[in-house]
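Have a look at the structure below before the remarks.
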Protein chains: 4
Amino acid sequence: MSINSFGRLFTVTTWGESHGPALGATVDGCPPGVPLTAEMLQHWLDLRKPGQNKYTTQRREPDAVEILSGVFEGQTTGTPIQLMIRNTDQRSKDYSDIMEKFRPGHADITYWQKYGIRDYRGGGRSSARETAARVAAGGVAREALKMLVPELEITGCMVQMGPHKIDRESWDWDQISQNPFWTPDAQAAEDWAAYLDELRKSGNSVGAVIEVVAKGAPAGLGAPVYGKIDTDIATAMMSINAVKGVEIGAGMAAAELTGEDNADEIFMGNDGKPVYSSNHAGGVLGGISTGQDLVCRFAVKPTSSILKPRQTITKSGQPAEIITKGRHDPCVGIRAVPVGEAMMACVILDHVLLHRGQIGENRGAIG
Amino acid sequence: MSINSFGRLFTVTTWGESHGPALGATVDGCPPGVPLTAEMLQHWLDLRKPGQNKYTTQRREPDAVEILSGVFEGQTTGTPIQLMIRNTDQRSKDYSDIMEKFRPGHADITYWQKYGIRDYRGGGRSSARETAARVAAGGVAREALKMLVPELEITGCMVQMGPHKIDRESWDWDQISQNPFWTPDAQAAEDWAAYLDELRKSGNSVGAVIEVVAKGAPAGLGAPVYGKIDTDIATAMMSINAVKGVEIGAGMAAAELTGEDNADEIFMGNDGKPVYSSNHAGGVLGGISTGQDLVCRFAVKPTSSILKPRQTITKSGQPAEIITKGRHDPCVGIRAVPVGEAMMACVILDHVLLHRGQIGENRGAIG
Amino acid sequence: MSINSFGRLFTVTTWGESHGPALGATVDGCPPGVPLTAEMLQHWLDLRKPGQNKYTTQRREPDAVEILSGVFEGQTTGTPIQLMIRNTDQRSKDYSDIMEKFRPGHADITYWQKYGIRDYRGGGRSSARETAARVAAGGVAREALKMLVPELEITGCMVQMGPHKIDRESWDWDQISQNPFWTPDAQAAEDWAAYLDELRKSGNSVGAVIEVVAKGAPAGLGAPVYGKIDTDIATAMMSINAVKGVEIGAGMAAAELTGEDNADEIFMGNDGKPVYSSNHAGGVLGGISTGQDLVCRFAVKPTSSILKPRQTITKSGQPAEIITKGRHDPCVGIRAVPVGEAMMACVILDHVLLHRGQIGENRGAIG
Amino acid sequence: MSINSFGRLFTVTTWGESHGPALGATVDGCPPGVPLTAEMLQHWLDLRKPGQNKYTTQRREPDAVEILSGVFEGQTTGTPIQLMIRNTDQRSKDYSDIMEKFRPGHADITYWQKYGIRDYRGGGRSSARETAARVAAGGVAREALKMLVPELEITGCMVQMGPHKIDRESWDWDQISQNPFWTPDAQAAEDWAAYLDELRKSGNSVGAVIEVVAKGAPAGLGAPVYGKIDTDIATAMMSINAVKGVEIGAGMAAAELTGEDNADEIFMGNDGKPVYSSNHAGGVLGGISTGQDLVCRFAVKPTSSILKPRQTITKSGQPAEIITKGRHDPCVGIRAVPVGEAMMACVILDHVLLHRGQIGENRGAIG
């Protein structure tokens, strides 16, 4: 399978470099008959689009997506959907310094060592611009899911910026779209604004934690061992640029729990479906969804392209100091929120199709 | 691709249930000419084997592995290697209670909902016994790696049990094999022994954090986007039973760092290879290995099979209380250490082959 | 994906050598709830079993299949099904001569060149014994298909032995199980018996053409371009040992037809389904099944292990003459009939699941 | 794996419809450092391009390929290569009649039944225009092969048109590029011209047989069972539009041979490599290349879009007569020649990488 592909039945292959002519996603395996237009996808791309406020890179990309195939008279045909986004604001002059020097914390050095050639302009294939293609593909997945699992709702948000975590008691879903950080905690949004402003001015950057929640996913998605839905969610998130950790449900903190505390107790709900006393499991038991919220979190490291001088070497092995000018995100985690949502959509759709393929409908009734 | 398979070129498919006749792994894509005997694999299986001390399940399984194919006159032939482990100590009577009741925190309920049939004896396919097959397959990977990357060394250890973390200042690699918890901190081993004893007696269980480090992996392994070596490591670890979180390098804590702190500075080493001031990256930049230690951690949740009574429901939807008697691990994380090592070996071998396939040798010299 | 695996959702990985301890198939992706016992599979294995009459190898193998996993209380659980067949009649002494000499027309030389090691006993992995594993896996597919497409009927037969073709006017389905050659033409069976007897006595062998027909496959199976059901059927058949050509419908003879003659005209049937004036297409248009009979043929070359002396070389590059004694099939095509049926079953089940996964039900009504 | 993808390490995913905005190929896994320009690819596309003489469709498409990613400063970077061909001459008015009626012998009816929606303009995804993307991808494979196997030469030609076969005694490789039919037999070219002229005038079409030969492929490519290089060649060819049969070496005629006649005898060549007395095997034994010419043939059925009236039905199930006006190939096999070559290049490159990945270099010396 292509090393740039993701998914078993709903397969997404992204392609393209930051400063090449275009980038995009080849989306295969989408069910036919899904209403789809470029506008539907543009909606999600606009959320990720850079240059919208002072907290994201000032590169100005319209990120206008074109659908080149797989859609006829406004509906998917079941054949591959090619999504293309032209690169327009490329200003390669900004990047001349990094032709020879490797940025610490950046893929410059490993791409060079491996391939002996790299498109150094804007990070080439390693640029976070690649995630635009994921968001577009995720948009396709969302439309297909509207048809297949209409009650599904996927929401991403930021729950930590640098050392500052949100207060979970103040969680307000409606807040998420009301602030530039996609955070459900209004107070945090205010505090982070000041914090990030200062960081940005000092030419520094910072990491973040994103949480993505899928409500309404049916029980039964996933498979044992290497087809676990939580594994696939973790894979999806870890494959996003700059992600260094992924958690499902209680996540790393599960290590601290006793079996008594961790085991979500089961009761019969009024609608005849099981309900649970808690959700340490993050909606997954044995790799298969329980019907509870699917909950994952991932940590995004700080952008390595900063104005602070750092020690490095050149291609010829000489020591050097590097400052990365250019237009970078002080907290790239902000723009990772729609990316995380998109990946969640892709994983869920893939598992919906996979489940339907092997099983048809859930076979084990309760009650 | 099979939902029970892992890897692109070095492909492992595990099969088997806890209380079926046997379980095992079908290992494909192994290079030919690798010396391999059942004894070599048995070595690793013995480390994972239950019943070795009071901290692991008292089930007595010899876990004797047989090589059924792919080896001729003591060497791999390049054809599929079938590894089979007979189940011997099955005592299914222990499990009669869980035929009807779903254990909270366990895959009982999701398997039932999805498949409408499940081998309830010992958890069937969802049992941690499946990991024996991984350890056997990892043993094959290790032998192949000896030939291909002789300097590689993979070591797993426990760095946290319940809320108790090790003191990283006391890290001693030689300690790891000296205590039943595979921990590099001698003091922690002592403290945990007392802690776990008490938990075990009270019929409870607890989680843990495992760290796996690979020293000596060459630079250049991995690929951008969906073929990242850190993504594949995360996938490998997250697919292990009971794992709820995975970290690479700084992991979730990367969120707290500034760009200045996070970026590992680069210098030229005496041997003409780059060296780094630190390893927040966990040995991976842009999905490709740097040549530093590959470092990952994963959190294992506590066993859900405990003696503490928990509320649940039956298949017919009736409320019930459940106590899981039987032979269970108070801290299943202990036995996850060799499993994590095995998965790391599989991922690295797969990427060594993949790299050789696409690239041959690293193409970009430095200096 | 494993180079010893076949299929997308219903995945079969075969393993094992002719004279190793065992061989078998790891079958993944089977729907749950399919009634399955070893006896059901044994039925098909017995048809392929050697030593049943003088026209097949006199090796005596019970080919007794064991189900090691994936079945509980007589039903598939949806988890991997491990099928194992122990090798019993191994008499490796027969094969000592071929340790050093390469048999012309046999994989001896290429295995050696590629791997530098080969299990020369009985051809090792290149032996036609591998097809026993396919027949077992095909048996699983058949049982699943009984549940999913009950009207499906798959029948293989021999339509040519050496230069002698059957008379298609004499086609009688009931004849197929009445003669040792699985041929629908009673007269051909008689003629071939005499012909093959003579060949066998002279230590020679001969090729054959097998036809496999699937009646009752629904319209809509398959997908464009690289997921065509006819491509997958061709792949399946071409992967069988000794197969050198594959045809769908009119096959190679399609080259001779004009567009006017080739285009099967379409009419509306009494049951509201389209009917066709002919079936040059072999039941497939654009890679998707029409609902007509799926028809494929494949040519099996003659066994290369013969008593006739042939010129060859040794491993050290010396010229040599070789006669292959031992127990070989004068017309290995005979035993390929159940193998072709098994592969057809695997392909159809895979496409039934794939279709259900992406599409659900056929979406385009006619009339 | 995507149902529109082909190949394990060198992976080609084609996308696009006949009359959509564009079509193309996403090519992943190409080695880095391969010199590549659009002009190199255009060379091969121009050979397949329609409208070059009266024997191919008069649709005028420049088929100009753009490289959108994966190439930097004239060399491949090892990341996905996106190849796009804009559709320009779309005249959809020609196709209005087939909105409602299904063309006999065409994918119209199966696409409709399966998907319930189809881009009827020019056959949409089922159009032979898709093969332009394969030719472009094959061009990439050829450039990579120049680097990896410089002595490799891939040549396709037509060996049969309708019932008229070439005289193999008259085979002249230099003739192939000298006539519009890519045939090595000058006399056949002349005869076929007259024959096809008449067919074309009568509004009919005819099938053909194409042969593709790869000289200079090293021994050792391929793998047993489901990774056979001959199986992959057969898969590649069978996946081309309108192909109904595929042969390797002796092909279907292998059925007629005795073991004595079929077994290519082996001798030691002057250069220390084995040579063979004949090549019934088509360069493959046990799925692994021998170093002889790789030889395959495939039969292309006649175009179903003809001026001859044929009986069919409409979407509403009514009987109808259909004549397909428009611009069609009287012998679509002609344009299949460069397509067959392209597929052969893709298969060989994939196996070169796969072999290098698992094995490195051939391990078994002879002599």
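Naming scheme: A, B, ... for chains in displayed order of the structure tokens; residues 1 onward per chain; ligands 1 onward as shown.
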
Residues of chain D within 9 Å of chain B, only C-alpha atoms counted, as a list in words
Met1, Arg8, Leu9, Phe10, Gly29, Cys30, Pro31, Pro32, Gly33, Gly78, Thr79, Ala223, Pro224, Val352, Leu353, Leu354, His355, Arg356, Gly357, Gln358, Ile359, Gly360 and Arg363 of chain D

For N, CA, C and O atoms, I'd like the residues from the last selection saved as a PDB file, in the first residue's frame.
```pdb
ATOM      1  N   MET D   1      -6.649  -1.532   0.658  1.00  0.00           N
ATOM      2  CA  MET D   1      -5.975  -0.802  -0.430  1.00  0.00           C
ATOM      3  C   MET D   1      -7.004  -0.291  -1.419  1.00  0.00           C
ATOM      4  O   MET D   1      -7.980  -0.967  -1.736  1.00  0.00           O
ATOM      5  N   ARG D   8       2.675  -2.743  -5.104  1.00  0.00           N
ATOM      6  CA  ARG D   8       2.932  -2.856  -3.681  1.00  0.00           C
ATOM      7  C   ARG D   8       3.812  -1.711  -3.172  1.00  0.00           C
ATOM      8  O   ARG D   8       3.460  -1.019  -2.232  1.00  0.00           O
ATOM      9  N   LEU D   9       4.972  -1.544  -3.769  1.00  0.00           N
ATOM     10  CA  LEU D   9       5.870  -0.460  -3.336  1.00  0.00           C
ATOM     11  C   LEU D   9       5.810   0.699  -4.322  1.00  0.00           C
ATOM     12  O   LEU D   9       5.805   1.856  -3.923  1.00  0.00           O
ATOM     13  N   PHE D  10       5.832   0.390  -5.587  1.00  0.00           N
ATOM     14  CA  PHE D  10       5.607   1.419  -6.606  1.00  0.00           C
ATOM     15  C   PHE D  10       4.108   1.375  -6.887  1.00  0.00           C
ATOM     16  O   PHE D  10       3.620   0.461  -7.553  1.00  0.00           O
ATOM     17  N   GLY D  29       5.934   5.911  -4.115  1.00  0.00           N
ATOM     18  CA  GLY D  29       6.965   4.913  -3.892  1.00  0.00           C
ATOM     19  C   GLY D  29       8.090   4.947  -4.903  1.00  0.00           C
ATOM     20  O   GLY D  29       8.971   4.073  -4.880  1.00  0.00           O
ATOM     21  N   CYS D  30       8.095   5.940  -5.778  1.00  0.00           N
ATOM     22  CA  CYS D  30       9.193   6.043  -6.745  1.00  0.00           C
ATOM     23  C   CYS D  30      10.496   6.355  -6.008  1.00  0.00           C
ATOM     24  O   CYS D  30      10.516   7.181  -5.105  1.00  0.00           O
ATOM     25  N   PRO D  31      11.578   5.728  -6.385  1.00  0.00           N
ATOM     26  CA  PRO D  31      12.861   6.081  -5.778  1.00  0.00           C
ATOM     27  C   PRO D  31      13.185   7.559  -6.017  1.00  0.00           C
ATOM     28  O   PRO D  31      12.757   8.125  -7.025  1.00  0.00           O
ATOM     29  N   PRO D  32      13.939   8.158  -5.127  1.00  0.00           N
ATOM     30  CA  PRO D  32      14.347   9.552  -5.330  1.00  0.00           C
ATOM     31  C   PRO D  32      15.523   9.627  -6.309  1.00  0.00           C
ATOM     32  O   PRO D  32      16.201   8.628  -6.537  1.00  0.00           O
ATOM     33  N   GLY D  33      15.701  10.819  -6.861  1.00  0.00           N
ATOM     34  CA  GLY D  33      16.870  11.041  -7.705  1.00  0.00           C
ATOM     35  C   GLY D  33      16.710  10.578  -9.133  1.00  0.00           C
ATOM     36  O   GLY D  33      17.676  10.536  -9.894  1.00  0.00           O
ATOM     37  N   GLY D  78      11.104  11.250  -4.172  1.00  0.00           N
ATOM     38  CA  GLY D  78      10.718  10.102  -3.345  1.00  0.00           C
ATOM     39  C   GLY D  78       9.341  10.269  -2.735  1.00  0.00           C
ATOM     40  O   GLY D  78       8.861   9.379  -2.050  1.00  0.00           O
ATOM     41  N   THR D  79       8.708  11.397  -2.978  1.00  0.00           N
ATOM     42  CA  THR D  79       7.351  11.648  -2.469  1.00  0.00           C
ATOM     43  C   THR D  79       6.360  11.494  -3.633  1.00  0.00           C
ATOM     44  O   THR D  79       6.780  11.363  -4.784  1.00  0.00           O
ATOM     45  N   ALA D 223       7.901 -13.602  -6.402  1.00  0.00           N
ATOM     46  CA  ALA D 223       7.831 -14.299  -5.131  1.00  0.00           C
ATOM     47  C   ALA D 223       6.803 -15.400  -5.272  1.00  0.00           C
ATOM     48  O   ALA D 223       5.966 -15.364  -6.167  1.00  0.00           O
ATOM     49  N   PRO D 224       6.881 -16.398  -4.395  1.00  0.00           N
ATOM     50  CA  PRO D 224       5.940 -17.506  -4.528  1.00  0.00           C
ATOM     51  C   PRO D 224       4.491 -17.097  -4.283  1.00  0.00           C
ATOM     52  O   PRO D 224       4.213 -16.092  -3.656  1.00  0.00           O
ATOM     53  N   VAL D 352      11.275  -5.012  -8.732  1.00  0.00           N
ATOM     54  CA  VAL D 352      12.678  -4.665  -8.460  1.00  0.00           C
ATOM     55  C   VAL D 352      12.793  -4.080  -7.052  1.00  0.00           C
ATOM     56  O   VAL D 352      13.678  -4.457  -6.270  1.00  0.00           O
ATOM     57  N   LEU D 353      11.866  -3.197  -6.704  1.00  0.00           N
ATOM     58  CA  LEU D 353      11.902  -2.584  -5.371  1.00  0.00           C
ATOM     59  C   LEU D 353      11.578  -3.615  -4.291  1.00  0.00           C
ATOM     60  O   LEU D 353      12.208  -3.659  -3.232  1.00  0.00           O
ATOM     61  N   LEU D 354      10.592  -4.429  -4.554  1.00  0.00           N
ATOM     62  CA  LEU D 354      10.167  -5.454  -3.606  1.00  0.00           C
ATOM     63  C   LEU D 354      11.302  -6.447  -3.344  1.00  0.00           C
ATOM     64  O   LEU D 354      11.563  -6.839  -2.200  1.00  0.00           O
ATOM     65  N   HIS D 355      11.973  -6.834  -4.415  1.00  0.00           N
ATOM     66  CA  HIS D 355      13.096  -7.759  -4.290  1.00  0.00           C
ATOM     67  C   HIS D 355      14.212  -7.124  -3.481  1.00  0.00           C
ATOM     68  O   HIS D 355      14.769  -7.742  -2.571  1.00  0.00           O
ATOM     69  N   ARG D 356      14.525  -5.876  -3.807  1.00  0.00           N
ATOM     70  CA  ARG D 356      15.577  -5.184  -3.069  1.00  0.00           C
ATOM     71  C   ARG D 356      15.206  -5.052  -1.606  1.00  0.00           C
ATOM     72  O   ARG D 356      16.043  -5.183  -0.716  1.00  0.00           O
ATOM     73  N   GLY D 357      13.919  -4.803  -1.350  1.00  0.00           N
ATOM     74  CA  GLY D 357      13.466  -4.667   0.031  1.00  0.00           C
ATOM     75  C   GLY D 357      13.630  -5.945   0.826  1.00  0.00           C
ATOM     76  O   GLY D 357      14.255  -5.954   1.892  1.00  0.00           O
ATOM     77  N   GLN D 358      13.120  -7.043   0.311  1.00  0.00           N
ATOM     78  CA  GLN D 358      13.170  -8.283   1.095  1.00  0.00           C
ATOM     79  C   GLN D 358      14.531  -8.955   1.032  1.00  0.00           C
ATOM     80  O   GLN D 358      14.991  -9.527   2.026  1.00  0.00           O
ATOM     81  N   ILE D 359      15.180  -8.921  -0.122  1.00  0.00           N
ATOM     82  CA  ILE D 359      16.354  -9.769  -0.338  1.00  0.00           C
ATOM     83  C   ILE D 359      17.654  -8.967  -0.413  1.00  0.00           C
ATOM     84  O   ILE D 359      18.700  -9.459   0.002  1.00  0.00           O
ATOM     85  N   GLY D 360      17.585  -7.760  -0.947  1.00  0.00           N
ATOM     86  CA  GLY D 360      18.827  -7.031  -1.202  1.00  0.00           C
ATOM     87  C   GLY D 360      19.315  -7.407  -2.588  1.00  0.00           C
ATOM     88  O   GLY D 360      18.802  -6.945  -3.591  1.00  0.00           O
ATOM     89  N   ARG D 363      20.844 -14.049  -3.805  1.00  0.00           N
ATOM     90  CA  ARG D 363      21.718 -14.701  -2.840  1.00  0.00           C
ATOM     91  C   ARG D 363      22.310 -16.014  -3.308  1.00  0.00           C
ATOM     92  O   ARG D 363      23.245 -16.524  -2.693  1.00  0.00           O
TER      93      ARG D 363
END
```

Contacts of Gln175 in chain C within 8 Å, only C-alpha atoms, excl. fewer than 6 positions in-chain, as a ChimeraX atom specification
/C:182-186

Strand (DSSP E or B) residues, from DSSP on the backbone, in range 270-336 of chain C, as a ChimeraX atom specification
/C:274-276,284-285,288-289,294-300,310-314,319-322

How would the residues just picked look written out with C-alpha atoms as a PDB file, in the first residue's frame?
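Contents of out-v2.pdb, as written:
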```pdb
ATOM      1  CA  PRO C 274     -31.908  -8.138 -17.844  1.00  0.00           C
ATOM      2  CA  VAL C 275     -31.098 -11.182 -19.946  1.00  0.00           C
ATOM      3  CA  TYR C 276     -28.485 -11.422 -22.634  1.00  0.00           C
ATOM      4  CA  VAL C 284     -18.469  -9.134 -16.612  1.00  0.00           C
ATOM      5  CA  LEU C 285     -18.748  -5.697 -18.214  1.00  0.00           C
ATOM      6  CA  ILE C 288     -18.525  -5.469 -12.788  1.00  0.00           C
ATOM      7  CA  SER C 289     -20.665  -8.612 -12.877  1.00  0.00           C
ATOM      8  CA  LEU C 294     -19.086 -15.836 -14.491  1.00  0.00           C
ATOM      9  CA  VAL C 295     -16.931 -17.916 -16.821  1.00  0.00           C
ATOM     10  CA  CYS C 296     -13.164 -18.335 -16.736  1.00  0.00           C
ATOM     11  CA  ARG C 297     -10.704 -20.815 -18.147  1.00  0.00           C
ATOM     12  CA  PHE C 298      -7.067 -21.414 -17.367  1.00  0.00           C
ATOM     13  CA  ALA C 299      -4.315 -23.490 -18.905  1.00  0.00           C
ATOM     14  CA  VAL C 300      -2.166 -25.698 -16.699  1.00  0.00           C
ATOM     15  CA  ARG C 310      16.380 -33.602 -19.731  1.00  0.00           C
ATOM     16  CA  GLN C 311      19.503 -31.476 -19.911  1.00  0.00           C
ATOM     17  CA  THR C 312      20.207 -29.150 -17.025  1.00  0.00           C
ATOM     18  CA  ILE C 313      22.953 -27.737 -14.820  1.00  0.00           C
ATOM     19  CA  THR C 314      23.991 -28.196 -11.219  1.00  0.00           C
ATOM     20  CA  PRO C 319      26.019 -29.700 -17.157  1.00  0.00           C
ATOM     21  CA  ALA C 320      23.931 -32.652 -16.073  1.00  0.00           C
ATOM     22  CA  GLU C 321      21.133 -34.898 -17.165  1.00  0.00           C
ATOM     23  CA  ILE C 322      18.122 -35.241 -14.931  1.00  0.00           C
TER      24      ILE C 322
END
```

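Note that CA of Ile81 in chain C and CA of Val12 in chain C are 9.5 Å apart.
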
Which parts of range 89-189 of chain B does DSSP call alpha helix (DSSP H) when run on the backbone here, written out as a PyMOL selection string?
chain B and resi 108-115+130-148+186-189

Neighbours of range 59-71 of chain C within 6 Å (only C-alpha atoms; same-chain residues fewer than 5 positions away dropped), as a PyMOL selection string?
(chain B and resi 16+21-22) or (chain C and resi 51+76-77+79-85+89+327)
